[in-house]
Each structure stands twice: as structure tokens, then as C-alpha cells.
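Text of data-v4.pdb, listed as PDB, C-alpha atoms:
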ATOM      1  CA  MET A  22     -12.425  28.854 -50.581
ATOM      2  CA  ASN A  23     -12.650  30.170 -47.036
ATOM      3  CA  GLN A  24     -12.329  26.875 -45.242
ATOM      4  CA  SER A  25      -9.600  26.425 -42.687
ATOM      5  CA  ASP A  26      -6.748  24.029 -43.365
ATOM      6  CA  GLU A  27      -8.296  21.548 -40.964
ATOM      7  CA  GLU A  28     -11.631  21.717 -42.754
ATOM      8  CA  LEU A  29      -9.910  21.251 -46.090
ATOM      9  CA  ILE A  30      -8.087  18.152 -44.873
ATOM     10  CA  ALA A  31     -11.362  16.720 -43.549
ATOM     11  CA  ALA A  32     -12.963  17.423 -46.915
ATOM     12  CA  VAL A  33     -10.041  15.772 -48.712
ATOM     13  CA  ALA A  34     -10.544  12.703 -46.535
ATOM     14  CA  ALA A  35     -14.181  12.685 -47.617
ATOM     15  CA  GLY A  36     -13.151  12.752 -51.274
ATOM     16  CA  ASP A  37     -13.584  16.442 -52.078
ATOM     17  CA  ARG A  38     -11.450  17.143 -55.138
ATOM     18  CA  GLU A  39     -11.814  20.908 -54.927
ATOM     19  CA  ALA A  40     -10.677  20.875 -51.324
ATOM     20  CA  PHE A  41      -7.555  18.971 -52.269
ATOM     21  CA  GLY A  42      -6.738  21.483 -54.986
ATOM     22  CA  ALA A  43      -7.274  24.353 -52.570
ATOM     23  CA  LEU A  44      -5.103  22.775 -49.892
ATOM     24  CA  TYR A  45      -2.357  22.148 -52.441
ATOM     25  CA  ARG A  46      -2.353  25.709 -53.720
ATOM     26  CA  ARG A  47      -2.466  27.162 -50.213
ATOM     27  CA  ARG A  48       0.151  25.039 -48.497
ATOM     28  CA  ARG A  49       2.525  23.966 -51.259
ATOM     29  CA  PRO A  50       4.705  27.058 -50.695
ATOM     30  CA  ASP A  51       5.245  26.166 -47.023
ATOM     31  CA  VAL A  52       6.116  22.604 -47.867
ATOM     32  CA  TYR A  53       8.387  23.644 -50.737
ATOM     33  CA  ARG A  54      10.306  26.178 -48.646
ATOM     34  CA  PHE A  55      10.825  23.667 -45.882
ATOM     35  CA  ALA A  56      12.043  21.053 -48.350
ATOM     36  CA  LEU A  57      14.305  23.555 -50.065
ATOM     37  CA  HIS A  58      15.942  24.612 -46.807
ATOM     38  CA  MET A  59      16.362  20.997 -45.791
ATOM     39  CA  THR A  60      17.751  19.653 -49.057
ATOM     40  CA  GLY A  61      19.202  22.762 -50.668
ATOM     41  CA  VAL A  62      18.117  21.686 -54.134
ATOM     42  CA  ARG A  63      15.177  23.207 -55.940
ATOM     43  CA  ALA A  64      14.311  20.129 -57.992
ATOM     44  CA  VAL A  65      14.449  17.918 -54.915
ATOM     45  CA  ALA A  66      12.236  20.352 -53.037
ATOM     46  CA  GLU A  67       9.691  20.108 -55.844
ATOM     47  CA  ASP A  68       9.794  16.331 -55.612
ATOM     48  CA  VAL A  69       9.401  16.375 -51.846
ATOM     49  CA  ALA A  70       6.430  18.734 -52.080
ATOM     50  CA  GLN A  71       4.873  16.438 -54.650
ATOM     51  CA  ASP A  72       5.432  13.415 -52.412
ATOM     52  CA  VAL A  73       3.897  15.220 -49.461
ATOM     53  CA  PHE A  74       0.632  15.914 -51.247
ATOM     54  CA  MET A  75       0.624  12.425 -52.686
ATOM     55  CA  THR A  76       0.794  11.218 -49.090
ATOM     56  CA  VAL A  77      -2.028  13.567 -48.140
ATOM     57  CA  ILE A  78      -4.264  11.892 -50.724
ATOM     58  CA  HIS A  79      -3.894   8.580 -48.926
ATOM     59  CA  GLU A  80      -3.426   9.681 -45.342
ATOM     60  CA  ALA A  81      -5.850  12.589 -44.911
ATOM     61  CA  ARG A  82      -8.196  10.326 -42.983
ATOM     62  CA  ARG A  83      -5.514   9.845 -40.347
ATOM     63  CA  TYR A  84      -5.286  13.545 -39.597
ATOM     64  CA  VAL A  85      -6.858  14.424 -36.260
ATOM     65  CA  ALA A  86      -7.766  18.099 -36.055
ATOM     66  CA  GLY A  87      -6.844  19.543 -32.702
ATOM     67  CA  ARG A  88      -4.062  17.090 -32.025
ATOM     68  CA  THR A  89      -1.717  19.046 -34.268
ATOM     69  CA  GLY A  90      -2.056  21.971 -36.644
ATOM     70  CA  ALA A  91      -2.340  21.390 -40.366
ATOM     71  CA  VAL A  92       0.985  23.034 -41.233
ATOM     72  CA  PRO A  93       3.001  21.087 -38.632
ATOM     73  CA  TRP A  94       1.278  17.930 -39.886
ATOM     74  CA  LEU A  95       2.244  18.694 -43.475
ATOM     75  CA  LEU A  96       5.788  19.630 -42.486
ATOM     76  CA  GLY A  97       6.046  16.439 -40.471
ATOM     77  CA  ILE A  98       5.275  14.513 -43.654
ATOM     78  CA  ALA A  99       7.731  16.699 -45.572
ATOM     79  CA  ARG A 100      10.376  16.019 -42.948
ATOM     80  CA  ASN A 101      10.030  12.276 -43.486
ATOM     81  CA  HIS A 102      10.298  12.576 -47.249
ATOM     82  CA  ALA A 103      13.224  14.999 -47.034
ATOM     83  CA  ARG A 104      15.034  12.678 -44.646
ATOM     84  CA  ARG A 105      14.516   9.770 -46.994
ATOM     85  CA  VAL A 106      15.987  11.750 -49.866
ATOM     86  CA  LEU A 107      18.925  12.887 -47.784
ATOM     87  CA  SER A 108      19.512   9.354 -46.598
ATOM     88  CA  GLU A 109      19.356   7.895 -50.101
ATOM     89  CA  ARG A 110      21.799  10.476 -51.380
ATOM     90  CA  ARG A 111      24.190  10.352 -48.454
ATOM     91  CA  HIS A 112      27.006   9.218 -50.716
ATOM     92  CA  ASP A 113      25.885  11.368 -53.603
ATOM     93  CA  PRO A 114      26.203  14.931 -52.319
ATOM     94  CA  LEU A 115      23.320  17.165 -53.255
ATOM     95  CA  THR A 116      24.214  19.985 -55.558
ATOM     96  CA  GLU A 117      23.907  23.361 -53.952
ATOM     97  CA  ALA A 118      20.769  25.228 -54.834
ATOM     98  CA  GLY A 119      22.355  28.148 -56.585
ATOM     99  CA  LEU A 120      24.981  26.118 -58.366
ATOM    100  CA  GLU A 121      22.994  23.393 -59.979
ATOM    101  CA  PRO A 122      24.424  22.377 -63.341
ATOM    102  CA  GLY A 123      22.328  23.813 -66.086
ATOM    103  CA  ALA A 124      20.196  25.710 -63.600
ATOM    104  CA  ALA A 125      21.095  29.164 -64.826
ATOM    105  CA  ALA A 126      17.441  29.834 -65.512
ATOM    106  CA  ASP A 127      16.490  28.840 -61.980
ATOM    107  CA  PRO A 128      14.160  31.549 -60.680
ATOM    108  CA  MET A 129      16.029  31.452 -57.416
ATOM    109  CA  ASP A 130      19.320  32.361 -59.055
ATOM    110  CA  GLY A 131      18.247  35.867 -59.743
ATOM    111  CA  LEU A 132      17.053  36.262 -56.191
ATOM    112  CA  VAL A 133      20.128  35.034 -54.375
ATOM    113  CA  ARG A 134      21.971  38.212 -53.616
ATOM    114  CA  GLY A 135      25.648  37.801 -52.995
ATOM    115  CA  GLN A 136      27.898  35.365 -51.316
ATOM    116  CA  GLN A 137      26.396  35.840 -47.875
ATOM    117  CA  VAL A 138      23.252  33.967 -48.627
ATOM    118  CA  GLU A 139      25.198  31.256 -50.391
ATOM    119  CA  ALA A 140      27.538  30.941 -47.441
ATOM    120  CA  LEU A 141      24.652  30.684 -45.018
ATOM    121  CA  ARG A 142      22.935  28.158 -47.224
ATOM    122  CA  ARG A 143      26.104  26.081 -47.269
ATOM    123  CA  ALA A 144      26.408  26.340 -43.512
ATOM    124  CA  LEU A 145      22.782  25.360 -42.986
ATOM    125  CA  GLY A 146      23.131  22.450 -45.394
ATOM    126  CA  SER A 147      26.181  21.176 -43.559
ATOM    127  CA  LEU A 148      24.407  20.989 -40.203
ATOM    128  CA  PRO A 149      23.404  17.530 -39.022
ATOM    129  CA  VAL A 150      19.818  16.913 -40.084
ATOM    130  CA  LEU A 151      18.370  17.034 -36.560
ATOM    131  CA  TYR A 152      19.773  20.495 -35.907
ATOM    132  CA  ARG A 153      19.053  21.710 -39.412
ATOM    133  CA  GLU A 154      15.383  20.828 -39.185
ATOM    134  CA  ALA A 155      15.079  22.565 -35.823
ATOM    135  CA  VAL A 156      16.528  25.764 -37.289
ATOM    136  CA  VAL A 157      14.384  25.479 -40.401
ATOM    137  CA  LEU A 158      11.168  24.778 -38.506
ATOM    138  CA  CYS A 159      11.629  27.442 -35.835
ATOM    139  CA  ASP A 160      13.666  30.184 -37.486
ATOM    140  CA  LEU A 161      12.704  29.883 -41.138
ATOM    141  CA  GLN A 162       9.204  28.381 -41.055
ATOM    142  CA  GLU A 163       8.493  30.364 -37.883
ATOM    143  CA  LEU A 164       6.646  27.576 -36.121
ATOM    144  CA  THR A 165       6.143  27.717 -32.393
ATOM    145  CA  TYR A 166       8.152  25.287 -30.311
ATOM    146  CA  GLN A 167       5.015  23.231 -29.858
ATOM    147  CA  ASP A 168       4.277  23.030 -33.575
ATOM    148  CA  ALA A 169       7.918  22.369 -34.394
ATOM    149  CA  ALA A 170       7.908  19.526 -31.884
ATOM    150  CA  ALA A 171       4.780  18.103 -33.526
ATOM    151  CA  ALA A 172       6.387  18.311 -36.959
ATOM    152  CA  ALA A 173       9.664  16.800 -35.770
ATOM    153  CA  GLY A 174       7.950  14.148 -33.693
ATOM    154  CA  CYS A 175       9.786  14.952 -30.494
ATOM    155  CA  ALA A 176       9.350  16.791 -27.204
ATOM    156  CA  ILE A 177       9.312  20.568 -26.963
ATOM    157  CA  GLY A 178      12.438  20.520 -24.816
ATOM    158  CA  THR A 179      14.208  18.487 -27.471
ATOM    159  CA  VAL A 180      13.329  21.064 -30.108
ATOM    160  CA  ARG A 181      14.626  23.860 -27.907
ATOM    161  CA  SER A 182      17.918  22.134 -27.255
ATOM    162  CA  ARG A 183      18.366  21.179 -30.920
ATOM    163  CA  LEU A 184      17.572  24.727 -31.948
ATOM    164  CA  HIS A 185      20.034  26.165 -29.468
ATOM    165  CA  ARG A 186      22.731  23.757 -30.615
ATOM    166  CA  GLY A 187      21.881  24.303 -34.273
ATOM    167  CA  ARG A 188      22.166  28.065 -33.967
ATOM    168  CA  ALA A 189      25.486  27.729 -32.178
ATOM    169  CA  MET A 190      26.833  25.437 -34.880
ATOM    170  CA  LEU A 191      25.531  27.743 -37.578
ATOM    171  CA  THR A 192      27.196  30.735 -35.976
ATOM    172  CA  ALA A 193      30.474  28.865 -35.646
ATOM    173  CA  LYS A 194      30.346  27.770 -39.261
ATOM    174  CA  MET A 195      29.594  31.275 -40.442
ATOM    175  CA  ARG A 196      32.533  32.646 -38.501
ATOM    176  CA  GLY A 197      34.624  30.099 -40.321
ATOM    177  CA  GLU A 198      33.429  31.573 -43.592
ATOM    178  CA  ARG A 199      34.289  35.113 -42.666
ATOM    179  CA  HIS A 200      35.843  35.690 -46.060
ATOM    180  CA  ALA A 201      32.491  35.140 -47.673
ATOM    181  CA  PHE A 202      31.066  37.933 -45.598
ATOM    182  CA  ALA A 203      33.473  40.606 -46.600
ATOM    183  CA  ALA A 204      30.662  42.627 -48.065
ATOM    184  CA  TRP A 205      28.127  41.748 -45.388
ATOM    185  CA  PRO A 206      26.252  44.904 -44.473
ATOM    186  CA  ALA A 207      25.876  44.016 -40.827
ATOM    187  CA  PRO A 208      29.364  44.329 -39.308
ATOM    188  CA  SER A 209      28.350  42.946 -35.942
ATOM    189  CA  TRP A 210      27.986  39.550 -37.564
ATOM    190  CA  PHE A 211      31.657  38.868 -36.928
TER     191      PHE A 211
ATOM    192  CA  MET B  12      11.741  35.520 -37.594
ATOM    193  CA  ASN B  13      11.556  33.413 -34.563
ATOM    194  CA  ILE B  14      14.720  34.180 -32.647
ATOM    195  CA  ARG B  15      13.250  34.597 -29.157
ATOM    196  CA  ASP B  16      14.007  37.618 -27.051
ATOM    197  CA  ASP B  17      14.758  35.523 -24.025
ATOM    198  CA  GLU B  18      17.528  33.846 -25.956
ATOM    199  CA  GLY B  19      18.593  36.806 -27.962
ATOM    200  CA  ASN B  20      22.018  38.314 -28.017
ATOM    201  CA  GLY B  21      24.048  40.095 -30.613
ATOM    202  CA  VAL B  22      25.008  36.942 -32.429
ATOM    203  CA  ASP B  23      21.424  35.682 -32.522
ATOM    204  CA  ARG B  24      20.197  38.976 -33.901
ATOM    205  CA  ASP B  25      22.746  38.764 -36.669
ATOM    206  CA  LEU B  26      21.886  35.156 -37.266
ATOM    207  CA  SER B  27      18.245  36.154 -37.386
ATOM    208  CA  LEU B  28      19.023  38.785 -40.001
ATOM    209  CA  ALA B  29      21.084  36.356 -42.040
ATOM    210  CA  LEU B  30      18.384  33.684 -41.894
ATOM    211  CA  ARG B  31      15.798  36.223 -42.958
ATOM    212  CA  ARG B  32      17.911  37.027 -45.993
ATOM    213  CA  LEU B  33      18.225  33.334 -46.739
ATOM    214  CA  ASP B  34      14.483  32.842 -46.465
ATOM    215  CA  ASP B  35      13.842  35.884 -48.648
ATOM    216  CA  ALA B  36      16.071  34.338 -51.287
ATOM    217  CA  ALA B  37      14.089  31.120 -51.234
ATOM    218  CA  LEU B  38      11.200  32.353 -53.330
ATOM    219  CA  VAL B  39       8.725  29.691 -54.230
ATOM    220  CA  PRO B  40       8.246  29.157 -57.954
ATOM    221  CA  GLU B  41       4.773  28.885 -59.378
ATOM    222  CA  ALA B  42       3.291  25.437 -59.144
ATOM    223  CA  ASP B  43       4.110  23.329 -62.167
ATOM    224  CA  PRO B  44       0.769  22.659 -63.922
ATOM    225  CA  ALA B  45       1.994  19.220 -64.929
ATOM    226  CA  ARG B  46       2.749  18.310 -61.322
ATOM    227  CA  GLU B  47      -0.597  19.644 -60.146
ATOM    228  CA  ALA B  48      -2.368  17.716 -62.872
ATOM    229  CA  ALA B  49      -0.517  14.566 -61.842
ATOM    230  CA  LEU B  50      -1.646  15.046 -58.270
ATOM    231  CA  MET B  51      -5.255  15.574 -59.274
ATOM    232  CA  THR B  52      -5.083  12.439 -61.405
ATOM    233  CA  ALA B  53      -3.693  10.525 -58.440
ATOM    234  CA  PHE B  54      -6.490  11.914 -56.272
ATOM    235  CA  ASP B  55      -9.110  10.773 -58.762
ATOM    236  CA  ALA B  56      -7.528   7.330 -58.987
ATOM    237  CA  ALA B  57      -7.516   7.005 -55.211
ATOM    238  CA  GLN B  58     -11.191   7.937 -55.091
ATOM    239  CA  ARG B  59     -11.993   5.362 -57.747
ATOM    240  CA  ARG B  60     -10.162   2.704 -55.754
ATOM    241  CA  ARG B  61     -12.095   3.636 -52.617
ATOM    242  CA  THR B  62     -15.380   3.496 -54.495
ATOM    243  CA  ALA B  63     -14.439   0.136 -55.979
ATOM    244  CA  SER B  64     -13.537  -1.098 -52.518
ATOM    245  CA  ARG B  65     -16.928  -0.071 -51.212
ATOM    246  CA  GLY B  66     -18.501  -1.800 -54.202
ATOM    247  CA  ALA B  67     -16.530  -4.944 -53.436
ATOM    248  CA  GLN B  68     -17.840  -4.864 -49.895
ATOM    249  CA  TYR B  69     -21.380  -4.627 -51.224
ATOM    250  CA  TRP B  70     -20.894  -7.591 -53.514
ATOM    251  CA  TYR B  71     -19.241  -9.502 -50.692
ATOM    252  CA  MET B  72     -22.392  -9.041 -48.614
ATOM    253  CA  ALA B  73     -24.583  -9.971 -51.546
ATOM    254  CA  GLY B  74     -22.548 -13.120 -52.100
ATOM    255  CA  LEU B  75     -22.806 -13.942 -48.446
ATOM    256  CA  ALA B  76     -26.573 -13.605 -48.525
ATOM    257  CA  THR B  77     -26.753 -15.848 -51.577
ATOM    258  CA  ALA B  78     -24.543 -18.431 -49.901
ATOM    259  CA  ALA B  79     -26.772 -18.325 -46.846
ATOM    260  CA  ALA B  80     -29.876 -18.839 -48.958
ATOM    261  CA  ILE B  81     -28.323 -21.783 -50.738
ATOM    262  CA  LEU B  82     -27.208 -23.326 -47.477
ATOM    263  CA  VAL B  83     -30.666 -22.939 -45.956
ATOM    264  CA  ALA B  84     -32.270 -24.433 -49.047
ATOM    265  CA  ALA B  85     -29.826 -27.338 -49.041
ATOM    266  CA  SER B  86     -30.479 -28.003 -45.379
ATOM    267  CA  THR B  87     -34.195 -28.056 -45.990
ATOM    268  CA  PHE B  88     -33.789 -30.315 -49.042
ATOM    269  CA  HIS B  89     -31.808 -32.831 -46.998
ATOM    270  CA  GLY B  90     -34.458 -32.908 -44.334
ATOM    271  CA  ILE B  91     -32.598 -30.862 -41.792
ATOM    272  CA  ARG B  92     -35.443 -28.684 -40.712
ATOM    273  CA  PRO B  93     -34.718 -25.929 -38.392
ATOM    274  CA  GLY B  94     -36.698 -26.265 -35.201
ATOM    275  CA  SER B  95     -37.699 -22.619 -35.151
ATOM    276  CA  PRO B  96     -37.716 -19.752 -37.614
ATOM    277  CA  PRO B  97     -35.060 -17.056 -37.686
ATOM    278  CA  THR B  98     -35.839 -13.778 -36.026
ATOM    279  CA  SER B  99     -33.407 -11.639 -37.963
ATOM    280  CA  GLU B 100     -31.528 -11.382 -41.214
ATOM    281  CA  PHE B 101     -27.959 -12.529 -41.441
ATOM    282  CA  VAL B 102     -25.487  -9.876 -40.398
ATOM    283  CA  MET B 103     -21.860  -9.986 -41.327
ATOM    284  CA  VAL B 104     -19.518 -10.669 -38.460
ATOM    285  CA  PRO B 105     -17.143  -7.733 -37.819
ATOM    286  CA  GLY B 106     -13.920  -8.264 -39.711
ATOM    287  CA  ALA B 107     -15.402 -10.850 -42.052
ATOM    288  CA  VAL B 108     -14.893  -8.600 -45.035
ATOM    289  CA  THR B 109     -11.163  -8.973 -44.593
ATOM    290  CA  LEU B 110     -11.343 -12.782 -44.668
ATOM    291  CA  PRO B 111     -10.727 -14.769 -47.853
ATOM    292  CA  ALA B 112     -13.658 -15.056 -50.225
ATOM    293  CA  MET B 113     -16.095 -17.746 -49.234
ATOM    294  CA  GLU B 114     -15.859 -20.653 -51.657
ATOM    295  CA  SER B 115     -17.811 -23.182 -49.647
ATOM    296  CA  GLY B 116     -19.176 -23.423 -46.169
ATOM    297  CA  SER B 117     -21.865 -24.664 -43.906
ATOM    298  CA  LEU B 118     -24.812 -23.407 -41.946
ATOM    299  CA  VAL B 119     -24.489 -24.243 -38.300
ATOM    300  CA  ARG B 120     -27.183 -23.797 -35.672
ATOM    301  CA  MET B 121     -25.889 -23.589 -32.168
ATOM    302  CA  ASP B 122     -26.411 -22.097 -28.747
ATOM    303  CA  VAL B 123     -24.362 -18.948 -28.489
ATOM    304  CA  PRO B 124     -23.629 -17.264 -25.148
ATOM    305  CA  VAL B 125     -25.382 -13.918 -25.024
ATOM    306  CA  SER B 126     -22.159 -12.315 -23.887
ATOM    307  CA  MET B 127     -20.579 -13.301 -27.187
ATOM    308  CA  LEU B 128     -23.192 -11.641 -29.383
ATOM    309  CA  PRO B 129     -21.759  -8.106 -29.375
ATOM    310  CA  SER B 130     -18.476  -9.421 -30.720
ATOM    311  CA  LEU B 131     -20.458 -11.032 -33.549
ATOM    312  CA  GLY B 132     -22.099  -7.722 -34.337
ATOM    313  CA  VAL B 133     -25.492  -8.737 -32.925
ATOM    314  CA  THR B 134     -27.416  -6.852 -30.282
ATOM    315  CA  PRO B 135     -28.302  -9.239 -27.444
ATOM    316  CA  PRO B 136     -32.042  -9.812 -26.968
ATOM    317  CA  ALA B 137     -33.802  -8.448 -23.952
ATOM    318  CA  GLY B 138     -34.299 -10.821 -21.064
ATOM    319  CA  LEU B 139     -32.213 -12.806 -18.704
ATOM    320  CA  VAL B 140     -30.970 -15.630 -20.847
ATOM    321  CA  ALA B 141     -27.527 -17.090 -20.881
ATOM    322  CA  THR B 142     -27.588 -18.425 -24.424
ATOM    323  CA  VAL B 143     -29.539 -17.902 -27.605
ATOM    324  CA  LYS B 144     -29.921 -20.055 -30.657
ATOM    325  CA  ALA B 145     -28.223 -18.669 -33.732
ATOM    326  CA  ASP B 146     -27.443 -19.724 -37.276
ATOM    327  CA  LEU B 147     -23.842 -19.214 -38.274
ATOM    328  CA  ILE B 148     -22.429 -19.275 -41.779
ATOM    329  CA  VAL B 149     -19.027 -20.853 -41.476
ATOM    330  CA  GLY B 150     -16.604 -20.652 -44.385
ATOM    331  CA  GLN B 151     -14.274 -23.280 -45.793
ATOM    332  CA  ASP B 152     -11.619 -22.125 -43.377
ATOM    333  CA  GLY B 153     -13.786 -22.656 -40.318
ATOM    334  CA  LEU B 154     -14.228 -18.958 -39.700
ATOM    335  CA  THR B 155     -17.672 -17.485 -39.171
ATOM    336  CA  ARG B 156     -18.784 -15.029 -41.823
ATOM    337  CA  ALA B 157     -22.315 -14.137 -40.736
ATOM    338  CA  VAL B 158     -24.825 -14.821 -38.019
ATOM    339  CA  ARG B 159     -28.545 -14.518 -37.372
ATOM    340  CA  LEU B 160     -30.609 -15.147 -34.301
ATOM    341  CA  VAL B 161     -33.240 -17.869 -34.161
ATOM    342  CA  LYS B 162     -36.434 -17.531 -32.195
TER     343      LYS B 162
END
Output the structure of this file as C-alpha cells.
Amino acid sequence: MNQSDEELIAAVAAGDREAFGALYRRRRPDVYRFALHMTGVRAVAEDVAQDVFMTVIHEARRYVAGRTGAVPWLLGIARNHARRVLSERRHDPLTEAGLEPGAAADPMDGLVRGQQVEALRRALGSLPVLYREAVVLCDLQELTYQDAAAAAGCAIGTVRSRLHRGRAMLTAKMRGERHAFAAWPAPSWF
Amino acid sequence: MNIRDDEGNGVDRDLSLALRRLDDAALVPEADPAREAALMTAFDAAQRRRTASRGAQYWYMAGLATAAAILVAASTFHGIRPGSPPTSEFVMVPGAVTLPAMESGSLVRMDVPVSMLPSLGVTPPAGLVATVKADLIVGQDGLTRAVRLVK
């Protein structure tokens, strides 16, 4: 299917089943990665991605092409679901992605190389949500400031300041975990 | 990676590298067929609901037309003869579909200001008139469900 994301969403709104399947297969990875970086738990990321596309089924008609891109729109929905999960589990700390009980067969486990990534994941997960989502949207999802602002529902300047603050906090936290970076190949990190 | 040059420094470059490694580690597993199937089922169910809703709207209109016919017949039977024939079919007033189902009601003929017709979903007739005669179907709650113009 060669349709753009915007065309697919319009087709979904018109009841096109194939378009919905195509949109899901094309954009689920983006939504999943965002949710994973925000929540740090693979199973939760799966649930968030599922909730996002469930929302798309009912809300596709509200999407206005041109007002915002399809990916920022989807990530904006994902942000709301991820925030709800994080809020609900505020007193029930989420298990770290690579250390989930019984998750030895997690496909991610074999891909997480060393303590550095784990340390950075911990640092990212410990950032306040506002700063974390700015880092995830801009630095990991690689959205423009404008698209990140659309996804986060705030002004571009707000995204920039949150991103700046988030990076600073992340750097400070990583310096605090220097021991975890003993084998880090890039010495200038410290 | 999206660490901008204008903001870049040594720390940001290292942070950029570290974040890239983190993102590389976050490989996306294949979509779970069961989850995808559940979504497609939900999509189908939503479509069925929408179709049913459209069907309900159709039957609402059909019911309204029947009610109008009965009311007109009853008026005629009781000797209330309209002074002039209608010039149009009944049209549903905007928003009427969201009102409670019509259980009983009455047919009311009245002079309606032309300026009010668009809000009733009726195109005003040509000519410089201030009011037009119209038949209104008024439900048990006093709210107008449909209207037609009278010659």
C-alpha cells in the first residue's frame, strides 16, 4: 500500500479495514519504541501501542491532515496512554525493561549490550515525565521541535527548554553512575 | 540522532552516542498476531456500530414520517382541515435525531419567521415575506422534530 499516513488515516475514518491494517503495521514500531522509552517495560509498551491503535479506530475522524503530521498525532495519543499508565503505577514502580521477572526470553535482553545501556535506561526512566518525553520525542524518535510540540501538546519553546533541561539532568545522572560506565568505549563521556 | 549542532558540545555528543545505543537496543518485536487480530475485531465491531447507528437514523426518519402521516390523518378525521396544501415533504429539524424517541406528539400549523427557517433546516422561499406558514411535528416533550412549508 503506497498511501501516505495521512491518506491511510482518512481511509480508516471512512471504514477501510485494509487501511487500518496497513497503518498498524507501518506505525506500530514508532509507537512501541516511544512507549518503551517512556515506560521502560516491554509488556507495558505493547499495551500502550495496542491502546493507541484502539483509539485510532474511534478517533480517526478527528484527525485533521495538515494541522499535524500522522506520527506526531499517533505519538500524542501514545503520550496520553503512557502518562496514564505511569500515573496509575506511581506507587507500584515499573520493573526495568531488561530485568523483568521471568523475562529472560525477552527479545530485547539479547540486544542490550552491557551496563551502559542499562544505566542510561535507568537514568532516562528516572527523569520527570515532562523532560523524559522531550528527550524521547526529540532525541530518540527524532521528531522536529514542531512535531514534538504537536505530540506533547505544548509550544515549541517549551519543548526546547524541556529538552535542554532533560539532557542536562540526564548528563548529571549519568555522571552519578560513572561506575556503570567503566567499560564505556567513549572516554569523553565523563 | 537529533542533538542539534547549535546546541552541541562534547557532553551532548556523548549523550547523543549513548542515546543512539539505547535506541539501538530497543528493537521492536514482531507484532503479536493475537493483538493484531484483536484490533481488527475491534475495528469490525466499530464499523458495525456505525452502520447500525446510520440504520437507526434511517428508521428514526421513517418513524417520523409515519407519525406525521398519522397526525395529518387524525387532523383531517377530526375536521381540522388545513387551509392550504403543503409545498414540501417533512424535513427533520437539525439535531432532532439526538432527541428522545417520539412517543406522541402533535401537528401544529403556524406562521414561522423566514429568518428562522435555516435553523430548522429549511431553505427560505424566494420573495420578500416576513413569515411563512409551516406544519411542525412537535413531540411529547414540546420539541419540534420536523417541519414542512405550506403554500
Near chain A, which residues of chain B fall within 8 Å when you count only C-alpha atoms, and what do they look like as a PyMOL selection string?
chain B and resi 12-14+21-23+25-27+29-34+36-40+42+46+50-51+53-55+57-58
Got a sec to resolve the PyMOL selection byres ((chain A and resi 174-178) around 12) on this structure and send the residues as a PDB file with C-alpha atoms, in the coordinates of the input?
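The new file part23.pdb reads:
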ATOM      1  CA  THR A  89      -1.717  19.046 -34.268  1.00  0.00           C
ATOM      2  CA  PRO A  93       3.001  21.087 -38.632  1.00  0.00           C
ATOM      3  CA  TRP A  94       1.278  17.930 -39.886  1.00  0.00           C
ATOM      4  CA  LEU A  96       5.788  19.630 -42.486  1.00  0.00           C
ATOM      5  CA  GLY A  97       6.046  16.439 -40.471  1.00  0.00           C
ATOM      6  CA  ILE A  98       5.275  14.513 -43.654  1.00  0.00           C
ATOM      7  CA  ARG A 100      10.376  16.019 -42.948  1.00  0.00           C
ATOM      8  CA  ASN A 101      10.030  12.276 -43.486  1.00  0.00           C
ATOM      9  CA  LEU A 151      18.370  17.034 -36.560  1.00  0.00           C
ATOM     10  CA  GLU A 154      15.383  20.828 -39.185  1.00  0.00           C
ATOM     11  CA  ALA A 155      15.079  22.565 -35.823  1.00  0.00           C
ATOM     12  CA  CYS A 159      11.629  27.442 -35.835  1.00  0.00           C
ATOM     13  CA  LEU A 164       6.646  27.576 -36.121  1.00  0.00           C
ATOM     14  CA  THR A 165       6.143  27.717 -32.393  1.00  0.00           C
ATOM     15  CA  TYR A 166       8.152  25.287 -30.311  1.00  0.00           C
ATOM     16  CA  GLN A 167       5.015  23.231 -29.858  1.00  0.00           C
ATOM     17  CA  ASP A 168       4.277  23.030 -33.575  1.00  0.00           C
ATOM     18  CA  ALA A 169       7.918  22.369 -34.394  1.00  0.00           C
ATOM     19  CA  ALA A 170       7.908  19.526 -31.884  1.00  0.00           C
ATOM     20  CA  ALA A 171       4.780  18.103 -33.526  1.00  0.00           C
ATOM     21  CA  ALA A 172       6.387  18.311 -36.959  1.00  0.00           C
ATOM     22  CA  ALA A 173       9.664  16.800 -35.770  1.00  0.00           C
ATOM     23  CA  THR A 179      14.208  18.487 -27.471  1.00  0.00           C
ATOM     24  CA  VAL A 180      13.329  21.064 -30.108  1.00  0.00           C
ATOM     25  CA  ARG A 181      14.626  23.860 -27.907  1.00  0.00           C
ATOM     26  CA  SER A 182      17.918  22.134 -27.255  1.00  0.00           C
ATOM     27  CA  ARG A 183      18.366  21.179 -30.920  1.00  0.00           C
ATOM     28  CA  LEU A 184      17.572  24.727 -31.948  1.00  0.00           C
ATOM     29  CA  HIS A 185      20.034  26.165 -29.468  1.00  0.00           C
TER      30      HIS A 185
END
For the provided coordinates, the residues matched by the PyMOL selection byres ((chain A and resi 31) around 9) should be stated as an MDAnalysis selection string.
chainID A and resid 26:30 32:37 40 81:82 84:86
Take the PyMOL selection byres ((chain B and resi 155) around 10), apply it to the structure above, and return the hits as a PyMOL selection string.
chain B and resi 103-107+110+116-119+131+147-154+156-158
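Our summary of the geometry notes that CA of Val65 (chain A) is positioned 13.7 Å from CA of Asp43 (chain B).
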Tell me which residues come within 10 Å of (-30.9, -16.1, -25.2), as a PyMOL selection string, counting only C-alpha atoms in the file's coordinates.
chain B and resi 122-126+128+135-145+160-162
Taking (-32.0, -9.2, -38.9) in the file's own coordinates, collect the residues within 10 Å, counting only C-alpha atoms, and hand them back as a ChimeraX atom specification.
/B:97-102,133,158-161
For Met190 (chain A), list every protein, DNA or RNA residue within 9 Å, evaluated using all atoms listed in the file, and leave out those in the same chain fewer than 6 positions away; present the list as JSON, numbers by chain.
{"A": [144, 148, 152]}
Provide the CA of Ala112 (chain B) to CA of Ala80 (chain B) distance in Å, to one decimal place.
16.7 Å
